[in-house]
Structures are given as C-alpha cells and as structure tokens.
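Novice: File work.txt follows (compact mmCIF, C-alpha atoms):
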# COMPACT_ATOMS: atom_id res chain seq x y z
CA MET A 1 6.94 -9.18 -12.18
CA TRP A 2 4.76 -9.05 -9.05
CA THR A 3 2.45 -11.98 -8.38
CA SER A 4 -0.23 -11.74 -5.74
CA PRO A 5 0.40 -13.84 -2.62
CA MET A 6 -3.38 -14.14 -2.26
CA SER A 7 -3.33 -17.66 -3.59
CA ASP A 8 -1.42 -18.61 -0.41
CA ILE A 9 -4.63 -18.01 1.52
CA GLU A 10 -6.87 -20.98 0.91
CA THR A 11 -10.51 -20.46 0.14
CA THR A 12 -12.86 -23.02 1.63
CA GLY A 13 -16.37 -23.80 0.46
CA GLN A 14 -18.31 -21.91 -2.18
CA LEU A 15 -17.30 -18.29 -2.77
CA LEU A 16 -19.92 -15.58 -2.24
CA ALA A 17 -20.96 -13.96 -5.51
CA GLU A 18 -20.86 -10.14 -5.52
CA PRO A 19 -21.48 -9.62 -1.81
CA GLU A 20 -22.62 -6.28 -0.41
CA LEU A 21 -20.42 -4.42 2.08
CA THR A 22 -22.30 -5.68 5.12
CA GLU A 23 -22.15 -9.23 3.74
CA ILE A 24 -18.39 -8.92 3.28
CA PHE A 25 -17.89 -8.02 6.93
CA ALA A 26 -20.30 -10.70 8.09
CA ALA A 27 -18.85 -13.46 5.89
CA ASP A 28 -16.06 -15.91 6.57
CA PRO A 29 -13.16 -14.13 4.78
CA CYS A 30 -12.14 -17.47 3.28
CA LEU A 31 -15.41 -17.41 1.30
CA LEU A 32 -14.51 -14.09 -0.32
CA ASP A 33 -12.45 -13.58 -3.44
CA ASP A 34 -10.36 -10.76 -4.88
CA THR A 35 -13.41 -8.78 -6.06
CA ALA A 36 -14.83 -8.49 -2.52
CA PHE A 37 -11.57 -7.06 -1.12
CA ARG A 38 -11.25 -4.75 -4.13
CA LYS A 39 -14.78 -3.56 -3.42
CA LEU A 40 -13.77 -2.69 0.15
CA VAL A 41 -10.73 -0.75 -1.04
CA LEU A 42 -12.72 1.20 -3.63
CA HIS A 43 -15.50 1.91 -1.14
CA TYR A 44 -13.16 3.37 1.50
CA ARG A 45 -11.18 5.27 -1.16
CA ALA A 46 -14.37 6.97 -2.27
CA GLU A 47 -15.34 7.62 1.35
CA ARG A 48 -11.97 9.28 2.00
CA LYS A 49 -12.32 11.49 -1.08
CA ASN A 50 -15.67 12.70 0.24
CA PHE A 51 -14.20 13.28 3.70
CA VAL A 52 -11.22 15.23 2.33
CA ALA A 53 -13.52 17.34 0.14
CA LEU A 54 -15.74 18.07 3.13
CA GLU A 55 -12.74 18.95 5.33
CA SER A 56 -11.26 21.29 2.75
CA LYS A 57 -14.45 23.29 2.35
CA PRO A 58 -14.05 26.73 3.91
CA LYS A 59 -15.73 26.79 7.27
CA THR A 60 -18.75 29.05 7.38
CA THR A 61 -18.59 31.56 10.19
CA LYS A 62 -21.15 31.03 12.83
CA ALA A 63 -24.01 33.48 13.03
CA LYS A 64 -23.29 36.15 15.59
CA ALA A 65 -24.51 35.04 18.95
CA SER A 66 -27.59 36.81 20.13
CA PRO A 67 -26.98 39.32 22.89
CA LYS A 68 -26.98 37.77 26.29
CA GLU A 69 -30.30 37.60 27.94
CA ALA A 70 -30.77 39.95 30.83
CA PRO A 71 -29.62 38.39 34.08
CA PRO A 72 -32.38 37.14 36.37
CA PRO A 73 -33.53 39.68 38.93
CA VAL A 74 -31.72 39.56 42.22
CA VAL A 75 -33.86 37.96 44.87
CA SER A 76 -33.26 39.28 48.32
CA LEU A 77 -33.51 37.04 51.35
CA SER A 78 -36.41 39.17 52.61
CA ASP A 79 -38.36 38.30 49.40
CA LEU A 80 -38.04 34.67 50.45
CA GLY A 81 -39.29 35.40 53.89
CA LEU A 82 -35.91 34.80 55.47
CA MET B 1 3.29 -17.36 33.93
CA ALA B 2 2.39 -14.99 31.12
CA LEU B 3 5.90 -13.85 30.23
CA SER B 4 7.70 -16.43 28.08
CA LEU B 5 10.26 -18.52 29.99
CA ALA B 6 12.95 -17.73 27.42
CA ALA B 7 12.87 -14.08 28.52
CA MET B 8 13.24 -14.93 32.21
CA SER B 9 16.16 -15.48 34.55
CA ALA B 10 17.05 -19.10 35.26
CA ARG B 11 18.27 -18.10 38.72
CA VAL B 12 15.81 -15.53 40.06
CA PRO B 13 12.07 -16.34 39.73
CA ASN B 14 10.12 -13.58 37.95
CA LEU B 15 13.20 -11.62 36.92
CA GLU B 16 12.87 -10.60 33.29
CA LEU B 17 16.15 -10.56 31.41
CA VAL B 18 14.88 -9.52 27.95
CA TRP B 19 13.13 -6.17 28.21
CA SER B 20 10.93 -4.60 25.55
CA SER B 21 9.64 -1.03 25.59
CA THR B 22 6.29 -2.43 26.74
CA THR B 23 7.64 -4.33 29.73
CA LEU B 24 10.14 -1.64 30.76
CA GLY B 25 7.55 1.09 30.33
CA THR B 26 5.07 -0.79 32.50
CA LEU B 27 7.68 -1.33 35.22
CA LYS B 28 8.52 2.38 35.21
CA GLU B 29 4.84 3.27 35.44
CA CYS B 30 4.06 0.99 38.36
CA PRO B 31 5.79 -2.19 39.61
CA ARG B 32 2.42 -3.62 40.72
CA LYS B 33 0.94 -3.05 37.25
CA TYR B 34 4.02 -4.77 35.82
CA GLN B 35 3.42 -7.76 38.08
CA LEU B 36 -0.25 -8.04 37.15
CA SER B 37 -0.06 -7.37 33.41
CA ILE B 38 3.39 -8.65 32.42
CA ILE B 39 4.42 -11.29 34.97
CA GLU B 40 0.93 -12.71 35.60
CA GLY B 41 -0.56 -11.74 32.23
CA TRP B 42 -3.91 -10.25 33.25
CA ALA B 43 -5.62 -8.01 30.69
CA SER B 44 -8.95 -6.22 30.70
CA ARG B 45 -11.26 -7.03 27.81
CA GLY B 46 -11.07 -3.51 26.36
CA GLU B 47 -7.28 -3.66 26.52
CA ASN B 48 -7.27 -6.84 24.41
CA ILE B 49 -9.38 -5.14 21.72
CA ASP B 50 -6.93 -2.20 21.65
CA ILE B 51 -3.94 -4.56 21.36
CA ASN B 52 -5.56 -6.59 18.57
CA PHE B 53 -6.60 -3.48 16.66
CA GLY B 54 -3.08 -2.02 16.84
CA TRP B 55 -1.46 -5.34 15.92
CA LEU B 56 -3.69 -5.76 12.85
CA TYR B 57 -3.14 -2.14 11.75
CA HIS B 58 0.64 -2.58 11.98
CA GLY B 59 0.50 -5.95 10.22
CA ALA B 60 -1.56 -4.60 7.33
CA LEU B 61 0.72 -1.60 6.73
CA GLU B 62 3.77 -3.84 6.89
CA ARG B 63 2.27 -6.15 4.26
CA PHE B 64 1.34 -3.16 2.12
CA GLN B 65 4.94 -1.86 2.19
CA ARG B 66 6.35 -5.31 1.52
CA GLN B 67 4.16 -5.88 -1.55
CA LEU B 68 5.02 -2.42 -2.89
CA ALA B 69 8.72 -3.24 -2.59
CA LEU B 70 8.07 -6.49 -4.47
CA GLY B 71 6.65 -4.52 -7.40
CA ALA B 72 2.89 -4.49 -6.73
CA SER B 73 0.84 -1.44 -7.66
CA ARG B 74 -0.58 0.53 -4.69
CA THR B 75 -4.05 -0.89 -5.35
CA GLU B 76 -2.78 -4.48 -5.60
CA ALA B 77 -0.73 -4.09 -2.44
CA LEU B 78 -3.68 -2.55 -0.62
CA ILE B 79 -6.09 -5.30 -1.70
CA PHE B 80 -3.67 -7.89 -0.37
CA ALA B 81 -3.23 -5.99 2.93
CA VAL B 82 -7.02 -5.80 3.31
CA GLN B 83 -7.44 -9.50 2.61
CA TRP B 84 -4.75 -10.40 5.14
CA THR B 85 -6.42 -8.17 7.73
CA MET B 86 -9.88 -9.67 7.17
CA VAL B 87 -8.52 -13.21 7.54
CA GLU B 88 -6.44 -12.38 10.62
CA ALA B 89 -9.09 -10.21 12.25
CA ALA B 90 -11.66 -12.96 12.69
CA PRO B 91 -12.51 -13.45 15.50
CA LYS B 92 -10.30 -10.80 17.14
CA LEU B 93 -12.46 -7.87 16.03
CA LEU B 94 -16.17 -7.65 15.38
CA ALA B 95 -18.03 -5.97 12.55
CA ASN B 96 -20.46 -4.56 15.14
CA PRO B 97 -18.70 -4.26 18.49
CA SER B 98 -20.22 -3.00 21.71
CA GLU B 99 -20.68 0.73 22.10
CA ALA B 100 -17.62 0.97 24.35
CA ALA B 101 -15.35 -0.32 21.58
CA ALA B 102 -17.27 1.18 18.66
CA ASN B 103 -14.26 2.92 17.17
CA LYS B 104 -12.18 -0.31 17.22
CA SER B 105 -14.48 -2.20 14.84
CA LEU B 106 -13.39 -4.21 11.82
CA PRO B 107 -14.90 -1.72 9.29
CA ASN B 108 -13.06 1.13 11.05
CA LEU B 109 -9.83 -0.84 10.85
CA ILE B 110 -10.19 -1.50 7.12
CA ARG B 111 -11.14 2.15 6.53
CA SER B 112 -8.07 3.33 8.49
CA ILE B 113 -5.72 1.07 6.51
CA VAL B 114 -7.08 2.26 3.15
CA TRP B 115 -7.09 5.90 4.20
CA HIS B 116 -3.53 5.67 5.57
CA CYS B 117 -2.15 4.22 2.35
CA ASP B 118 -3.92 6.83 0.24
CA THR B 119 -3.07 9.75 2.53
CA PHE B 120 0.64 9.00 2.27
CA GLU B 121 0.64 8.15 -1.44
CA GLN B 122 3.19 10.91 -2.17
CA ASP B 123 5.30 10.21 0.90
CA VAL B 124 8.46 12.21 1.65
CA LEU B 125 9.67 9.32 3.84
CA GLU B 126 11.41 6.85 1.56
CA GLN B 127 11.35 3.14 2.41
CA VAL B 128 14.83 1.76 3.22
CA ILE B 129 15.66 -1.39 1.26
CA LEU B 130 18.06 -3.79 2.99
CA ALA B 131 21.16 -5.28 1.33
CA ASN B 132 19.22 -8.51 0.69
CA GLY B 133 16.64 -6.60 -1.35
CA GLU B 134 13.93 -6.85 1.31
CA PRO B 135 12.19 -3.69 2.54
CA ALA B 136 13.19 -2.70 6.08
CA VAL B 137 9.78 -3.37 7.65
CA GLU B 138 8.87 -5.11 10.94
CA LEU B 139 12.46 -5.40 12.05
CA SER B 140 12.71 -7.50 15.19
CA PHE B 141 15.79 -6.90 17.33
CA VAL B 142 17.47 -8.27 20.45
CA ILE B 143 20.51 -6.33 21.65
CA GLU B 144 22.78 -6.57 24.66
CA ALA B 145 21.90 -3.89 27.20
CA GLY B 146 25.44 -3.82 28.58
CA ILE B 147 23.91 -4.25 32.04
CA ARG B 148 24.50 -7.26 34.30
CA ALA B 149 22.07 -8.41 36.98
CA ALA B 150 23.32 -9.21 40.50
CA SER B 151 22.46 -12.82 39.61
CA GLY B 152 25.32 -12.68 37.09
CA GLU B 153 23.02 -12.83 34.05
CA ASP B 154 23.04 -10.20 31.30
CA PHE B 155 20.04 -8.04 30.46
CA GLN B 156 18.95 -7.55 26.86
CA PHE B 157 16.59 -5.22 25.02
CA SER B 158 14.16 -6.44 22.39
CA GLY B 159 11.48 -4.95 20.17
CA HIS B 160 10.15 -4.43 16.68
CA LEU B 161 10.73 -1.37 14.50
CA ASP B 162 7.79 -0.85 12.16
CA ARG B 163 10.19 0.25 9.44
CA LEU B 164 13.28 2.28 8.56
CA VAL B 165 12.92 5.27 6.26
CA ARG B 166 15.18 7.87 4.62
CA PHE B 167 14.50 11.59 4.85
CA ASN B 168 16.83 14.44 3.87
CA GLY B 169 19.78 12.08 3.66
CA HIS B 170 19.29 10.54 7.13
CA THR B 171 17.78 7.25 8.28
CA TYR B 172 14.99 7.18 10.85
CA TRP B 173 12.81 4.57 12.51
CA HIS B 174 9.13 4.95 11.71
CA ASP B 175 6.38 3.89 14.09
CA TYR B 176 2.62 3.66 13.60
CA LYS B 177 0.22 4.52 16.42
CA THR B 178 -3.55 4.35 16.70
CA THR B 179 -5.47 6.46 19.17
CA LYS B 180 -8.86 7.92 20.00
CA THR B 181 -7.17 11.21 20.93
CA THR B 182 -7.16 14.34 18.75
CA LEU B 183 -3.75 14.67 17.09
CA GLY B 184 -2.56 18.04 18.34
CA ASP B 185 0.72 19.05 19.97
CA ASN B 186 -0.58 17.61 23.25
CA TYR B 187 -0.72 14.14 21.72
CA PHE B 188 2.79 14.22 20.26
CA GLU B 189 4.38 15.72 23.39
CA GLN B 190 4.02 12.31 25.07
CA PHE B 191 6.90 11.00 22.91
CA ASN B 192 9.50 13.40 24.27
CA PRO B 193 10.79 12.11 26.59
CA ASP B 194 9.53 8.61 25.95
CA ASN B 195 10.83 5.16 26.80
CA GLN B 196 9.95 3.51 23.46
CA ALA B 197 11.34 6.33 21.29
CA SER B 198 14.66 6.25 23.19
CA LEU B 199 14.92 2.46 22.97
CA TYR B 200 14.11 2.46 19.24
CA THR B 201 16.75 5.12 18.55
CA LEU B 202 19.32 3.12 20.51
CA ALA B 203 18.32 -0.13 18.76
CA SER B 204 18.52 1.48 15.32
CA LYS B 205 22.13 2.38 16.07
CA VAL B 206 23.15 -0.92 17.70
CA ALA B 207 21.11 -3.59 15.90
CA PHE B 208 20.90 -2.07 12.44
CA ASP B 209 24.05 0.06 12.44
CA VAL B 210 22.05 3.12 11.47
CA PRO B 211 23.43 6.47 12.68
CA THR B 212 19.92 7.70 13.31
CA LEU B 213 18.86 10.99 14.85
CA GLY B 214 15.53 9.55 15.96
CA GLY B 215 12.32 8.64 14.25
CA PHE B 216 8.90 9.59 12.99
CA ILE B 217 5.59 8.84 14.63
CA ASP B 218 2.63 8.38 12.27
CA ALA B 219 -0.51 8.52 14.35
CA ALA B 220 -4.03 7.66 13.26
CA GLN B 221 -6.95 9.10 15.19
CA ILE B 222 -9.66 6.45 14.86
CA ALA B 223 -13.14 7.88 15.24
CA VAL B 224 -16.46 6.17 14.52
CA GLY B 225 -16.98 8.01 11.22
CA PHE B 226 -13.48 9.01 10.09
CA THR B 227 -9.73 8.54 10.56
CA ARG B 228 -7.33 11.48 10.75
CA PHE B 229 -3.56 11.24 10.45
CA GLY B 230 -0.70 13.19 11.97
CA ARG B 231 3.08 12.85 11.77
CA LYS B 232 5.89 14.29 13.91
CA PRO B 233 9.67 13.77 14.02
CA ILE B 234 11.07 12.58 17.36
CA ASN B 235 14.76 13.37 17.88
CA ARG B 236 17.27 12.10 20.42
CA THR B 237 20.81 13.34 21.07
CA GLN B 238 23.59 10.96 22.17
CA GLY B 239 23.51 12.67 25.57
CA GLN B 240 19.81 11.89 25.94
CA LEU B 241 20.39 8.25 25.00
CA ASP B 242 23.25 7.93 27.51
CA GLU B 243 21.00 9.36 30.20
CA TRP B 244 18.19 6.94 29.28
CA LEU B 245 20.61 4.02 29.57
CA ARG B 246 21.87 5.18 32.99
CA ASP B 247 18.28 5.50 34.21
CA THR B 248 17.40 2.08 32.81
CA ARG B 249 20.31 0.51 34.71
CA MET B 250 18.73 1.76 37.94
CA TYR B 251 15.24 0.53 36.97
CA LEU B 252 16.55 -2.95 36.15
CA ALA B 253 18.42 -3.10 39.47
CA GLN B 254 15.13 -2.23 41.19
CA ALA B 255 13.32 -4.92 39.18
CA GLU B 256 15.77 -7.48 40.48
CA VAL B 257 15.14 -6.37 44.07
CA TYR B 258 11.35 -6.70 43.51
CA ALA B 259 11.81 -10.17 42.01
CA VAL B 260 14.15 -11.38 44.77
CA THR B 261 11.81 -10.11 47.50
CA ASN B 262 8.74 -11.21 45.48
CA HIS B 263 7.11 -7.87 46.20
CA TRP B 264 6.09 -5.43 43.48
CA PRO B 265 5.14 -2.16 45.20
CA MET B 266 2.12 -0.16 44.08
CA ASN B 267 2.77 3.31 42.66
CA ASP B 268 -0.44 4.82 43.99
CA LYS B 269 0.23 8.09 42.20
CA ALA B 270 -0.18 6.40 38.80
CA CYS B 271 -3.67 4.93 39.21
CA PHE B 272 -5.54 7.46 37.07
CA ARG B 273 -6.95 5.60 34.02
CA CYS B 274 -5.05 2.43 35.02
CA ASN B 275 -6.82 -0.79 33.95
CA PHE B 276 -6.04 -2.33 37.34
CA ARG B 277 -7.43 0.45 39.48
CA ASP B 278 -10.48 -1.68 40.30
CA ILE B 279 -8.21 -4.45 41.53
CA CYS B 280 -5.74 -2.40 43.54
CA SER B 281 -8.55 -0.50 45.25
CA LYS B 282 -9.81 -3.77 46.80
CA ASP B 283 -8.58 -5.55 49.90
CA PRO B 284 -5.53 -7.73 49.03
CA ARG B 285 -7.36 -10.87 50.16
CA VAL B 286 -10.06 -10.62 47.48
CA ARG B 287 -8.02 -9.33 44.53
CA GLN B 288 -7.24 -12.73 43.04
CA SER B 289 -10.88 -13.72 42.75
CA PHE B 290 -11.76 -10.38 41.13
CA LEU B 291 -8.92 -10.83 38.64
CA LYS B 292 -10.17 -14.29 37.72
CA SER B 293 -13.74 -13.17 37.18
CA ASN B 294 -13.18 -9.82 35.45
CA TYR B 295 -9.93 -10.10 33.50
CA GLY B 296 -8.68 -12.32 30.70
CA GLU B 297 -5.20 -13.80 30.41
CA ARG B 298 -2.66 -13.16 27.71
CA ASN B 299 0.85 -14.35 26.97
CA TYR B 300 3.74 -12.10 26.10
CA ASP B 301 7.02 -12.99 24.49
CA PRO B 302 9.58 -10.17 24.15
CA LEU B 303 11.67 -12.54 22.01
CA GLU B 304 8.96 -13.16 19.41
CA VAL B 305 10.19 -12.45 15.89
CA ARG B 306 7.63 -10.94 13.55
CA LYS B 307 7.50 -12.23 9.97
Starting from the coordinates I provided, produce the structure as structure tokens.

Specialist:
Amino acid sequence: MWTSPMSDIETTGQLLAEPELTEIFAADPCLLDDTAFRKLVLHYRAERKNFVALESKPKTTKAKASPKEAPPPVVSLSDLGL
Amino acid sequence: MALSLAAMSARVPNLELVWSSTTLGTLKECPRKYQLSIIEGWASRGENIDINFGWLYHGALERFQRQLALGASRTEALIFAVQWTMVEAAPKLLANPSEAAANKSLPNLIRSIVWHCDTFEQDVLEQVILANGEPAVELSFVIEAGIRAASGEDFQFSGHLDRLVRFNGHTYWHDYKTTKTTLGDNYFEQFNPDNQASLYTLASKVAFDVPTLGGFIDAAQIAVGFTRFGRKPINRTQGQLDEWLRDTRMYLAQAEVYAVTNHWPMNDKACFRCNFRDICSKDPRVRQSFLKSNYGERNYDPLEVRK
C-alpha cells in the first residue's frame, strides 16, 4: 500500500486556501497543501491535451504566393548623371 | 578550489583523479575552460540557471519513477514530484525570470515535468528493478579507470545514470536532457560520438554488471509556450568503447602535464558560444578582476552520491 511521502515535507505557517495558479507560483511552497500541487498537475495536463490536439490538426496549406512583383527598372549610371 | 578535495590528487596540485563526464568533457573541449569552470569554479549566471533547471527536472522524474515503483498511481507520483520540485526550486528558479532565461522559468519546469510523465504514460522502456526491490534510478557510480597517473595514483570515473531500462530483452541506460534546440536529427547526432554516452555505457557494464549495448536519450525541448519530446537510441560497440578508453588515457596524461606545469592552454578554436569567451579575449592581467565582477562561483564534487 503506497503512502505519500508528502508528510515528510513540513508545512510552516497557515496554509493558503484554494490559491490561483499565479498565487501558487508566488507562494512559499511550504504554505501549500496537496490540493495546490494537484491543481498544477491538472492544469498542465489539460494544457498538454490542448497542445496535442492542436498539433495533430492537419496543417492547412498556405495560400499560393502571389506572383512575384516585377523587378525594379534597371537604372543606368547615365541616369544618375555618372 | 571549486573541485572537491576528495576528487583531487594528494601529490600533484590541481590534478583531478576522479573524472566525471562533465569534467572530462570540459578538459577535452578546452583545458583553459576546464581550469576556469572546474578547477576554479567560475560560472556565468545563465549557466547556473541551466544547471539548476536540468538538476530539478532530473530530480523530479527520478522521484516520479521511484513513487511509481513503490505503488503510487501516476497522478499521486506526479503530485509528489511537483511538490518536491516546488520546494527545491525556491530560490533557484523564478516564476517570472528575465527575458534571457524566459524558457527556464519555474512554470515551464513544472509544465515540462507533467507533460513528460503524461507523454510517456504507455512507455516501451520498462523500468529495471534492482535485487533489493528499489527501482534503478539515479544510480551513482565510481569505477576504476584502469589508468595510473605518473604520480602513482589511480584515476577513477564517476557519474550518475538517470535510470536503467529494459527494451526488447536488453538493458540500457536512460538519460534525460533539456534543451532550447529543436529535436531533429541534428540534435541527436551530437551523442554519437559523445564522451558521456561512452562513459555511461562503460559504467553500466563495469559498475552495474549490465551487458548493455548503449542507452536512450530522452530530450525535452523547452520553449516559452510548450515542451516537445524526442527519444533516440545511442549504441556503442566494444571496439568503440576500447577506443574511447585509449583516447581517455592520453587526455588524462595531458591533464597531469597541465597540472604539473600549472598551465592550462587555451583551445582558441573552441571559443564559439563558450561562456568564457569574454574572459579569454581580454588581456591576461585583467581577467581575474573581470571574473570576480561578472561570474559567480560554484562547487563541484564528482564523488557526490545522489539520493
């Protein structure tokens, strides 16, 4: 039977209640409990699912490039007075 | 002194006797870089962030594997690995780092750990369990190199295998890497030939009595908004390992000459992207003061055992 070794890590002070993601990263990790770390895991799991779904979408072919613009007219040295 | 005294010769100042892939690789790259980064222990600030990020990533995945082997569910093991990382990361990594180190932030680290564990949920590489029931993760080793210094002392090799795995009836070492680079063939080509891969294959045979053919590299490309993963097998024949050992004998003999003469020559063909380029490009008389003002110090112990 697996028991979490989390209890080995001492929490100090009052735990933060239901912190947001930014609060979790800004907080002293010793003020966070199991639910905060679970929230991180679930957040990044969901983010990965979105990323994988986006990556597996067939790539749309780019619209055909417009024909090249005509090259600029050749300027002769005499046009420049040289 | 940044290299631990236990790894050093008692007879020749600055002669390292216990060589890791990091120290040997740095010596091969440039003796002057070896002097500055390994013997004297100078490190640029960006380099320290990279080292901390990699260390935390390895540590989290090791803890994840260990908890799985102890019977935890993947989610339980992952939650523990994330908690360990958050506690260990402060104050090594920042939630909002400078732009230069934006991809090595704490949120990117946590994301990469979670994504790694989920990406390889149905893994074909099977974790080796040791005879004592422990998973073969973070295996520290020190082995005799079979090479004697002119001082009469014996050289050793040391290091840490991330883990041992089974695939198709064979055992392999398995190493995690983090990088900013895109994970194409160009990235993986750097491991063949490669100092660390050869040493790890040799150590698997000698220290852990594993008749291994080589290993697997699992690389994570850490970007600001995503992490991608790639894996390649790295093989070594016995002939390649023998050659690596013969070459290493020559490098260690050179290291002893550098230590005895107290001169570590600059390889000025290896300065591209070197962290010490700014230092070596200055007049020798002013280098020390630039090192003190622009670089941090770090200690390195090739004999450290990871737990």

Novice: Residues of chain B were defined as contacting chain A if any atom lay at most 7 Å from it, counting all atoms listed in the file; please report them as a PyMOL selection string.

Specialist: chain B and resi 70-72+79-80+82-83+86-87+95+111+114-115

Novice: Which residues are near B:Lys205? Cut-off 12 Å, only C-alpha atoms, ignore same chain within fewer than 4 positions. Put them as a PDB file with C-alpha atoms, in the coordinates of the input.

Specialist:
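Output saved as selection-v7.pdb:
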ATOM      1  CA  PHE B 141      15.790  -6.900  17.330  1.00  0.00           C
ATOM      2  CA  ILE B 143      20.510  -6.330  21.650  1.00  0.00           C
ATOM      3  CA  LEU B 164      13.280   2.280   8.560  1.00  0.00           C
ATOM      4  CA  THR B 171      17.780   7.250   8.280  1.00  0.00           C
ATOM      5  CA  TYR B 172      14.990   7.180  10.850  1.00  0.00           C
ATOM      6  CA  TRP B 173      12.810   4.570  12.510  1.00  0.00           C
ATOM      7  CA  SER B 198      14.660   6.250  23.190  1.00  0.00           C
ATOM      8  CA  LEU B 199      14.920   2.460  22.970  1.00  0.00           C
ATOM      9  CA  TYR B 200      14.110   2.460  19.240  1.00  0.00           C
ATOM     10  CA  THR B 201      16.750   5.120  18.550  1.00  0.00           C
ATOM     11  CA  ASP B 209      24.050   0.060  12.440  1.00  0.00           C
ATOM     12  CA  VAL B 210      22.050   3.120  11.470  1.00  0.00           C
ATOM     13  CA  PRO B 211      23.430   6.470  12.680  1.00  0.00           C
ATOM     14  CA  THR B 212      19.920   7.700  13.310  1.00  0.00           C
ATOM     15  CA  LEU B 213      18.860  10.990  14.850  1.00  0.00           C
ATOM     16  CA  GLY B 214      15.530   9.550  15.960  1.00  0.00           C
ATOM     17  CA  GLY B 215      12.320   8.640  14.250  1.00  0.00           C
ATOM     18  CA  ARG B 236      17.270  12.100  20.420  1.00  0.00           C
ATOM     19  CA  GLN B 238      23.590  10.960  22.170  1.00  0.00           C
ATOM     20  CA  LEU B 241      20.390   8.250  25.000  1.00  0.00           C
TER      21      LEU B 241
END

Novice: One decimal, Å: what's the distance from atom CA of B:Leu125 over to atom CA of B:Asp162, could you say?

Specialist: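 Atom CA of B:Asp162 lies 13.3 Å from atom CA of B:Leu125.
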
Novice: State, in Å with one decimal place, the distance from atom CA of B:Ala219 to atom CA of B:Thr178.

Specialist: 5.7 Å

Novice: If I take atom CA of B:Phe276 and atom CA of B:Ser37, how far is one from the other in Å, to one decimal?

Specialist: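 We find that atom CA of B:Phe276 and atom CA of B:Ser37 lie 8.8 Å from each other.
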
Novice: Restrict the calculation to all atoms listed in the file, then for each residue of stretch 164-190 of chain B with any atom at most 12 Å from an atom of stretch 226-231 of chain B give the closest atom pair and their distance in Å to one decimal, rows by chain and rising residue number, as CSV.

Specialist:
residue,atom,partner,partner_atom,distance
B:His174,CA,B:Arg231,CA,10.0
B:Asp175,CA,B:Arg231,CA,9.8
B:Tyr176,CA,B:Arg231,CA,9.4
B:Lys177,CA,B:Phe229,CA,9.8
B:Thr178,CA,B:Phe229,CA,9.3
B:Thr179,CA,B:Thr227,CA,9.8
B:Lys180,CA,B:Thr227,CA,9.5
B:Thr181,CA,B:Arg228,CA,10.2
B:Thr182,CA,B:Arg228,CA,8.5
B:Leu183,CA,B:Gly230,CA,6.1
B:Gly184,CA,B:Gly230,CA,8.2
B:Asp185,CA,B:Gly230,CA,10.0
B:Tyr187,CA,B:Gly230,CA,9.8
B:Phe188,CA,B:Arg231,CA,8.6

Novice: Print the selection's residues with C-alpha atoms to a file, as a compact mmCIF listing (two decimals), keeping the file's coordinate frame.

Specialist:
# COMPACT_ATOMS: atom_id res chain seq x y z
CA HIS B 174 9.13 4.95 11.71
CA ASP B 175 6.38 3.89 14.09
CA TYR B 176 2.62 3.66 13.60
CA LYS B 177 0.22 4.52 16.42
CA THR B 178 -3.55 4.35 16.70
CA THR B 179 -5.47 6.46 19.17
CA LYS B 180 -8.86 7.92 20.00
CA THR B 181 -7.17 11.21 20.93
CA THR B 182 -7.16 14.34 18.75
CA LEU B 183 -3.75 14.67 17.09
CA GLY B 184 -2.56 18.04 18.34
CA ASP B 185 0.72 19.05 19.97
CA TYR B 187 -0.72 14.14 21.72
CA PHE B 188 2.79 14.22 20.26

Novice: Leaving out B:Glu144 and any residue of its chain fewer than 4 positions from it, which residues lie within 10 Å of it when counting only C-alpha atoms, given as a ChimeraX atom specification?

Specialist: /B:18,148,154-158,203,206-207

Novice: Return the single residue from B:Ile129, B:Ile217, B:Leu78, B:Ala43 that is closest to B:Glu297, with distances computed using all atoms listed in the file.

Specialist: B:Ala43

Novice: My list of candidates is B:Ile38, B:Leu303, B:Leu17, B:Leu68. Which is closest to B:Glu134 when distances are computed with only C-alpha atoms?

Specialist: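 Checking each of B:Ile38, B:Leu303, B:Leu17, B:Leu68 against B:Glu134, counting only C-alpha atoms, the winner is B:Leu68.
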
Novice: Find the smallest box with edges along x, y and z containing every listed atom of stretch 34-48 of chain B, then add 6 Å on each side and report centre and edge lengths in Å to one decimal, as lines of an AutoDock Vina configuration file.

Specialist:
center_x = -3.4
center_y = -8.1
center_z = 31.2
size_x = 27.7
size_y = 21.2
size_z = 25.7
